[in-house]
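Have a look at target_10.cif below; it lists mmCIF, C-alpha atoms.
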data_start
#
loop_
_atom_site.label_atom_id
_atom_site.label_comp_id
_atom_site.auth_asym_id
_atom_site.auth_seq_id
_atom_site.Cartn_x
_atom_site.Cartn_y
_atom_site.Cartn_z
CA MET Q 1 -63.41 -138.56 61.85
CA ARG Q 2 -61.83 -135.64 60.06
CA ASN Q 3 -63.84 -132.81 58.68
CA PHE Q 4 -63.10 -132.51 54.95
CA GLN Q 5 -62.72 -128.96 53.65
CA LEU Q 6 -61.65 -127.72 50.25
CA LYS Q 7 -59.05 -125.05 49.80
CA PRO Q 8 -60.38 -121.71 48.49
CA GLU Q 9 -58.52 -121.98 45.14
CA VAL Q 10 -59.91 -125.50 44.60
CA LYS Q 11 -63.44 -124.20 45.30
CA LYS Q 12 -62.87 -121.40 42.79
CA TYR Q 13 -61.79 -123.88 40.07
CA LEU Q 14 -64.69 -126.22 40.84
CA ILE Q 15 -67.15 -123.35 40.42
CA ILE Q 16 -65.53 -122.34 37.10
CA PHE Q 17 -65.58 -125.92 35.77
CA ALA Q 18 -69.13 -126.56 36.98
CA THR Q 19 -70.30 -123.35 35.27
CA PHE Q 20 -68.49 -124.25 32.05
CA PHE Q 21 -69.89 -127.79 31.90
CA GLY Q 22 -73.33 -126.55 32.91
CA ILE Q 23 -73.32 -124.17 29.93
CA ILE Q 24 -72.14 -126.96 27.60
CA PHE Q 25 -74.83 -129.32 28.93
CA GLY Q 26 -77.51 -126.62 28.59
CA ILE Q 27 -76.60 -125.80 24.98
CA THR Q 28 -76.52 -129.50 24.08
CA ALA Q 29 -79.94 -130.03 25.65
CA ILE Q 30 -81.36 -127.09 23.68
CA LEU Q 31 -79.90 -128.39 20.39
CA VAL Q 32 -81.21 -131.92 20.94
CA THR Q 33 -84.65 -130.61 21.86
CA MET Q 34 -84.80 -128.37 18.78
CA THR Q 35 -83.74 -131.27 16.55
CA LEU Q 36 -86.44 -133.56 17.96
CA VAL Q 37 -89.10 -130.86 17.69
CA SER Q 38 -88.23 -130.00 14.07
CA ARG Q 39 -88.11 -133.61 12.83
CA ASN Q 40 -91.78 -133.71 11.81
CA SER Q 41 -91.60 -130.44 9.91
CA TRP Q 42 -88.51 -131.75 8.11
CA LYS Q 43 -90.38 -134.89 7.03
CA THR Q 44 -93.38 -132.85 5.89
CA ALA Q 45 -91.28 -130.43 3.87
CA LEU Q 46 -89.40 -133.26 2.14
CA ALA Q 47 -92.71 -134.91 1.27
CA GLN Q 48 -93.97 -131.65 -0.25
CA GLU Q 49 -90.79 -131.23 -2.31
CA MET Q 50 -91.04 -134.82 -3.50
CA GLN Q 51 -94.69 -134.29 -4.46
CA VAL Q 52 -93.73 -131.29 -6.61
CA VAL Q 53 -91.15 -133.40 -8.46
CA LEU Q 54 -93.59 -136.29 -8.89
CA ASP Q 55 -96.29 -133.95 -10.23
CA ASP Q 56 -93.85 -132.63 -12.86
CA TYR Q 57 -92.63 -136.14 -13.69
CA SER Q 58 -95.86 -138.14 -13.78
CA HIS Q 59 -98.52 -135.42 -14.15
CA GLY Q 60 -100.13 -136.22 -10.81
CA SER Q 61 -100.31 -139.99 -11.06
CA PHE Q 62 -98.36 -140.45 -7.81
CA SER Q 63 -99.05 -139.06 -4.37
CA VAL Q 64 -96.63 -139.19 -1.47
CA GLY Q 65 -97.65 -141.48 1.36
CA LYS Q 66 -96.09 -142.02 4.74
CA TYR Q 67 -92.47 -141.58 5.74
CA LEU Q 68 -90.49 -144.79 6.22
CA GLU Q 69 -87.72 -144.84 8.84
CA LEU Q 70 -84.26 -145.92 7.72
CA ASN Q 71 -81.96 -147.97 9.93
CA ALA Q 72 -78.72 -146.87 8.29
CA ASN Q 73 -76.22 -144.04 8.24
CA ILE Q 74 -77.57 -142.86 4.89
CA SER Q 75 -80.69 -141.63 6.71
CA THR Q 76 -78.89 -138.32 7.31
CA SER Q 77 -78.80 -137.61 3.57
CA SER Q 78 -81.88 -139.43 2.28
CA ALA Q 79 -85.53 -140.06 3.01
CA VAL Q 80 -87.93 -142.77 1.87
CA TYR Q 81 -91.70 -142.43 1.41
CA SER Q 82 -94.33 -144.86 0.25
CA LEU Q 83 -96.04 -143.72 -2.95
CA LEU Q 84 -99.65 -144.20 -3.96
CA LYS Q 85 -100.29 -144.67 -7.68
CA LYS Q 86 -103.68 -143.20 -8.51
CA ASP Q 87 -104.53 -145.02 -11.73
CA GLY Q 88 -102.54 -148.21 -11.36
CA ASN Q 89 -102.72 -151.56 -9.71
CA GLN Q 90 -103.17 -150.95 -5.99
CA THR Q 91 -101.31 -154.15 -5.06
CA GLU Q 92 -98.04 -152.90 -6.56
CA LYS Q 93 -95.88 -151.03 -4.09
CA TYR Q 94 -94.06 -147.89 -5.12
CA TYR Q 95 -91.49 -145.98 -3.08
CA GLY Q 96 -90.07 -142.52 -3.45
CA VAL Q 97 -86.51 -141.89 -2.36
CA ILE Q 98 -85.01 -138.43 -2.06
CA VAL Q 99 -81.23 -138.52 -1.75
CA ARG Q 100 -78.33 -136.08 -2.06
CA VAL Q 101 -76.51 -136.73 -5.32
CA PRO Q 102 -73.09 -135.17 -5.92
CA SER Q 103 -72.87 -132.78 -8.86
CA ILE Q 104 -70.63 -129.99 -10.07
CA LEU Q 105 -72.78 -127.55 -8.07
CA GLY Q 106 -72.43 -129.59 -4.90
CA PRO Q 107 -74.94 -132.06 -3.52
CA VAL Q 108 -78.43 -131.73 -5.00
CA PRO Q 109 -81.57 -133.57 -3.85
CA ALA Q 110 -82.62 -136.13 -6.46
CA VAL Q 111 -85.91 -138.02 -6.40
CA PHE Q 112 -86.11 -141.65 -7.50
CA ILE Q 113 -89.16 -143.89 -7.87
CA TYR Q 114 -88.76 -147.57 -7.04
CA ASN Q 115 -90.99 -150.52 -7.87
CA GLU Q 116 -89.86 -154.11 -7.40
CA LYS Q 117 -91.04 -155.12 -10.88
CA LYS Q 118 -90.06 -151.99 -12.80
CA GLY Q 119 -86.88 -151.09 -10.93
CA VAL Q 120 -85.56 -147.58 -10.25
CA THR Q 121 -86.51 -144.49 -12.24
CA PHE Q 122 -85.03 -141.02 -11.87
CA ALA Q 123 -87.89 -138.52 -11.47
CA GLY Q 124 -86.03 -135.22 -11.12
CA TYR Q 125 -84.40 -132.80 -8.73
CA ALA Q 126 -86.20 -131.47 -5.66
CA SER Q 127 -84.83 -127.95 -5.91
CA ASP Q 128 -85.06 -125.03 -8.26
CA LEU Q 129 -81.68 -125.03 -9.96
CA GLY Q 130 -82.47 -122.12 -12.24
CA LYS Q 131 -80.05 -121.72 -15.14
CA ALA Q 132 -77.81 -124.41 -13.68
CA GLY Q 133 -80.48 -127.08 -14.17
CA THR Q 134 -79.43 -127.84 -17.72
CA THR Q 135 -75.78 -127.90 -16.66
CA ILE Q 136 -76.47 -130.51 -14.00
CA GLN Q 137 -78.52 -132.61 -16.42
CA LEU Q 138 -75.57 -132.68 -18.82
CA SER Q 139 -72.84 -133.05 -16.20
CA LEU Q 140 -74.19 -136.04 -14.29
CA SER Q 141 -72.61 -139.05 -15.83
CA SER Q 142 -74.44 -142.25 -16.47
CA GLY Q 143 -72.06 -143.80 -13.93
CA VAL Q 144 -73.44 -141.60 -11.15
CA MET Q 145 -77.03 -142.44 -12.07
CA ASN Q 146 -76.18 -146.14 -12.40
CA TYR Q 147 -74.63 -146.02 -8.93
CA TRP Q 148 -77.77 -144.53 -7.38
CA GLU Q 149 -80.06 -146.85 -9.33
CA HIS Q 150 -78.04 -149.72 -7.87
CA MET Q 151 -78.09 -148.23 -4.33
CA ILE Q 152 -81.82 -147.42 -4.08
CA PRO Q 153 -82.91 -151.07 -3.56
CA LYS Q 154 -80.20 -151.45 -0.91
CA ILE Q 155 -81.44 -148.30 0.85
CA LEU Q 156 -85.00 -149.62 0.78
CA ASP Q 157 -83.86 -152.89 2.34
CA LYS Q 158 -82.94 -150.87 5.43
CA THR Q 159 -86.39 -149.42 6.01
CA GLU Q 160 -88.28 -150.54 9.10
CA LYS Q 161 -91.74 -151.22 7.63
CA ARG Q 162 -92.00 -151.98 3.97
#
Would you mind writing the structure in this file as structure tokens?
Amino acid sequence: MRNFQLKPEVKKYLIIFATFFGIIFGITAILVTMTLVSRNSWKTALAQEMQVVLDDYSHGSFSVGKYLELNANISTSSAVYSLLKKDGNQTEKYYGVIVRVPSILGPVPAVFIYNEKKGVTFAGYASDLGKAGTTIQLSLSSGVMNYWEHMIPKILDKTEKR
């Protein structure tokens, strides 16, 4: 049996490559860990932003419930929450969807309310747009809103527990 030995230059390159891939693996592990740790704070912050919009829209008649997981690619740019209607029929289910809508200012987070009987209603934007708020209201065409009103039920069909 022969004794296997590496040449010195091969050892040098193996050490360099191992160090390089070790650094890449370490950075990736840190990024994945940070993403998993921050997921709950992301959900909580979106719920708070949605609640602010709903309070302005419905004067406190809705409260944001639990987060509903989406099984679709759109989950990277939208979130779905169950809504609780305070003065209404408790058997009716309401959902709040926050989704990035394209505008002349770039993507802005829009909040929609969905009920199976009443359909989709636009509640407002979940960001302080300042002076540009009136510009966005005027610039969004009815076609863009019709598109999202058509897409919201399809997005809700991809939730895990409804």
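The spacing separating CA of Ser61 in chain Q from CA of Lys93 in chain Q amounts to 13.8 Å.
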Inset, instruction - Name the residues that the PyMOL selection byres ((chain Q and resi 114-123) around 9) picks from the file above, as a PyMOL selection string, using the file's chain letters and numbers. - result: chain Q and resi 53-54+56-58+92-97+110-113+124-125+145+148-150+152-153+156
Inset, instruction - Work out how far apart CA of Ser127 in chain Q and CA of Lys43 in chain Q are and give it in Å to one decimal. - result: 15.7 Å
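Interatomic distance, CA of Leu46 in chain Q to CA of Lys154 in chain Q: 20.6 Å.
Closest approach to Gln51 in chain Q from the set Q:Ala126, Q:Ala79, Q:Thr33, Q:Asp87 is made by Q:Ala126, with distances taken over all atoms listed in the file.
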Inset, instruction - I would like the residues chosen by the PyMOL selection byres ((chain Q and resi 69) around 7) on the shown file; could you give them as a PyMOL selection string? - result: chain Q and resi 67-68+70-71+159-160
Could you give me range 26-37 of chain Q completed to all heavy atoms, formatted as an mmCIF file, keeping the file's coordinate frame?
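As a result, result02.cif now contains:
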data_model
loop_
_atom_site.group_PDB
_atom_site.id
_atom_site.type_symbol
_atom_site.label_atom_id
_atom_site.label_comp_id
_atom_site.auth_asym_id
_atom_site.auth_seq_id
_atom_site.Cartn_x
_atom_site.Cartn_y
_atom_site.Cartn_z
ATOM 1 N N GLY Q 26 -76.306 -127.381 28.928
ATOM 2 C CA GLY Q 26 -77.510 -126.620 28.590
ATOM 3 C C GLY Q 26 -77.647 -126.395 27.094
ATOM 4 O O GLY Q 26 -78.733 -126.581 26.519
ATOM 5 N N ILE Q 27 -76.567 -126.018 26.428
ATOM 6 C CA ILE Q 27 -76.600 -125.800 24.980
ATOM 7 C C ILE Q 27 -76.891 -127.104 24.255
ATOM 8 O O ILE Q 27 -77.685 -127.140 23.312
ATOM 9 C CB ILE Q 27 -75.277 -125.167 24.505
ATOM 10 C CG1 ILE Q 27 -75.186 -123.720 25.012
ATOM 11 C CG2 ILE Q 27 -75.149 -125.216 22.987
ATOM 12 C CD1 ILE Q 27 -73.864 -123.049 24.756
ATOM 13 N N THR Q 28 -76.272 -128.185 24.694
ATOM 14 C CA THR Q 28 -76.520 -129.500 24.080
ATOM 15 C C THR Q 28 -77.977 -129.903 24.237
ATOM 16 O O THR Q 28 -78.598 -130.407 23.296
ATOM 17 C CB THR Q 28 -75.590 -130.557 24.682
ATOM 18 O OG1 THR Q 28 -74.238 -130.143 24.510
ATOM 19 C CG2 THR Q 28 -75.808 -131.909 24.034
ATOM 20 N N ALA Q 29 -78.535 -129.687 25.414
ATOM 21 C CA ALA Q 29 -79.940 -130.030 25.650
ATOM 22 C C ALA Q 29 -80.861 -129.216 24.746
ATOM 23 O O ALA Q 29 -81.829 -129.754 24.193
ATOM 24 C CB ALA Q 29 -80.292 -129.812 27.117
ATOM 25 N N ILE Q 30 -80.556 -127.945 24.552
ATOM 26 C CA ILE Q 30 -81.360 -127.090 23.680
ATOM 27 C C ILE Q 30 -81.281 -127.592 22.227
ATOM 28 O O ILE Q 30 -82.292 -127.690 21.536
ATOM 29 C CB ILE Q 30 -80.920 -125.622 23.780
ATOM 30 C CG1 ILE Q 30 -81.320 -125.050 25.143
ATOM 31 C CG2 ILE Q 30 -81.513 -124.770 22.661
ATOM 32 C CD1 ILE Q 30 -80.734 -123.694 25.444
ATOM 33 N N LEU Q 31 -80.071 -127.913 21.765
ATOM 34 C CA LEU Q 31 -79.900 -128.390 20.390
ATOM 35 C C LEU Q 31 -80.625 -129.714 20.142
ATOM 36 O O LEU Q 31 -81.278 -129.904 19.114
ATOM 37 C CB LEU Q 31 -78.419 -128.537 20.054
ATOM 38 C CG LEU Q 31 -77.653 -127.236 19.878
ATOM 39 C CD1 LEU Q 31 -76.167 -127.513 19.699
ATOM 40 C CD2 LEU Q 31 -78.185 -126.449 18.712
ATOM 41 N N VAL Q 32 -80.524 -130.640 21.088
ATOM 42 C CA VAL Q 32 -81.210 -131.920 20.940
ATOM 43 C C VAL Q 32 -82.723 -131.725 20.938
ATOM 44 O O VAL Q 32 -83.435 -132.318 20.125
ATOM 45 C CB VAL Q 32 -80.772 -132.909 22.047
ATOM 46 C CG1 VAL Q 32 -81.664 -134.128 22.098
ATOM 47 C CG2 VAL Q 32 -79.322 -133.318 21.838
ATOM 48 N N THR Q 33 -83.217 -130.881 21.794
ATOM 49 C CA THR Q 33 -84.650 -130.610 21.860
ATOM 50 C C THR Q 33 -85.140 -129.987 20.557
ATOM 51 O O THR Q 33 -86.175 -130.400 20.018
ATOM 52 C CB THR Q 33 -84.967 -129.674 23.039
ATOM 53 O OG1 THR Q 33 -84.514 -130.285 24.242
ATOM 54 C CG2 THR Q 33 -86.450 -129.384 23.125
ATOM 55 N N MET Q 34 -84.409 -129.021 20.037
ATOM 56 C CA MET Q 34 -84.800 -128.370 18.780
ATOM 57 C C MET Q 34 -84.782 -129.362 17.615
ATOM 58 O O MET Q 34 -85.635 -129.312 16.740
ATOM 59 C CB MET Q 34 -83.903 -127.174 18.486
ATOM 60 C CG MET Q 34 -84.020 -126.061 19.511
ATOM 61 S SD MET Q 34 -85.709 -125.488 19.752
ATOM 62 C CE MET Q 34 -85.955 -124.621 18.241
ATOM 63 N N THR Q 35 -83.821 -130.268 17.602
ATOM 64 C CA THR Q 35 -83.740 -131.270 16.550
ATOM 65 C C THR Q 35 -84.953 -132.208 16.614
ATOM 66 O O THR Q 35 -85.562 -132.521 15.588
ATOM 67 C CB THR Q 35 -82.443 -132.089 16.661
ATOM 68 O OG1 THR Q 35 -81.330 -131.204 16.588
ATOM 69 C CG2 THR Q 35 -82.347 -133.134 15.593
ATOM 70 N N LEU Q 36 -85.298 -132.656 17.805
ATOM 71 C CA LEU Q 36 -86.440 -133.560 17.960
ATOM 72 C C LEU Q 36 -87.749 -132.870 17.611
ATOM 73 O O LEU Q 36 -88.639 -133.486 17.019
ATOM 74 C CB LEU Q 36 -86.481 -134.115 19.372
ATOM 75 C CG LEU Q 36 -85.325 -135.055 19.746
ATOM 76 C CD1 LEU Q 36 -85.412 -135.444 21.218
ATOM 77 C CD2 LEU Q 36 -85.316 -136.286 18.860
ATOM 78 N N VAL Q 37 -87.879 -131.597 17.967
ATOM 79 C CA VAL Q 37 -89.100 -130.860 17.690
ATOM 80 C C VAL Q 37 -89.256 -130.608 16.189
ATOM 81 O O VAL Q 37 -90.359 -130.680 15.648
ATOM 82 C CB VAL Q 37 -89.133 -129.535 18.479
ATOM 83 C CG1 VAL Q 37 -90.217 -128.600 18.000
ATOM 84 C CG2 VAL Q 37 -89.300 -129.826 19.965
#
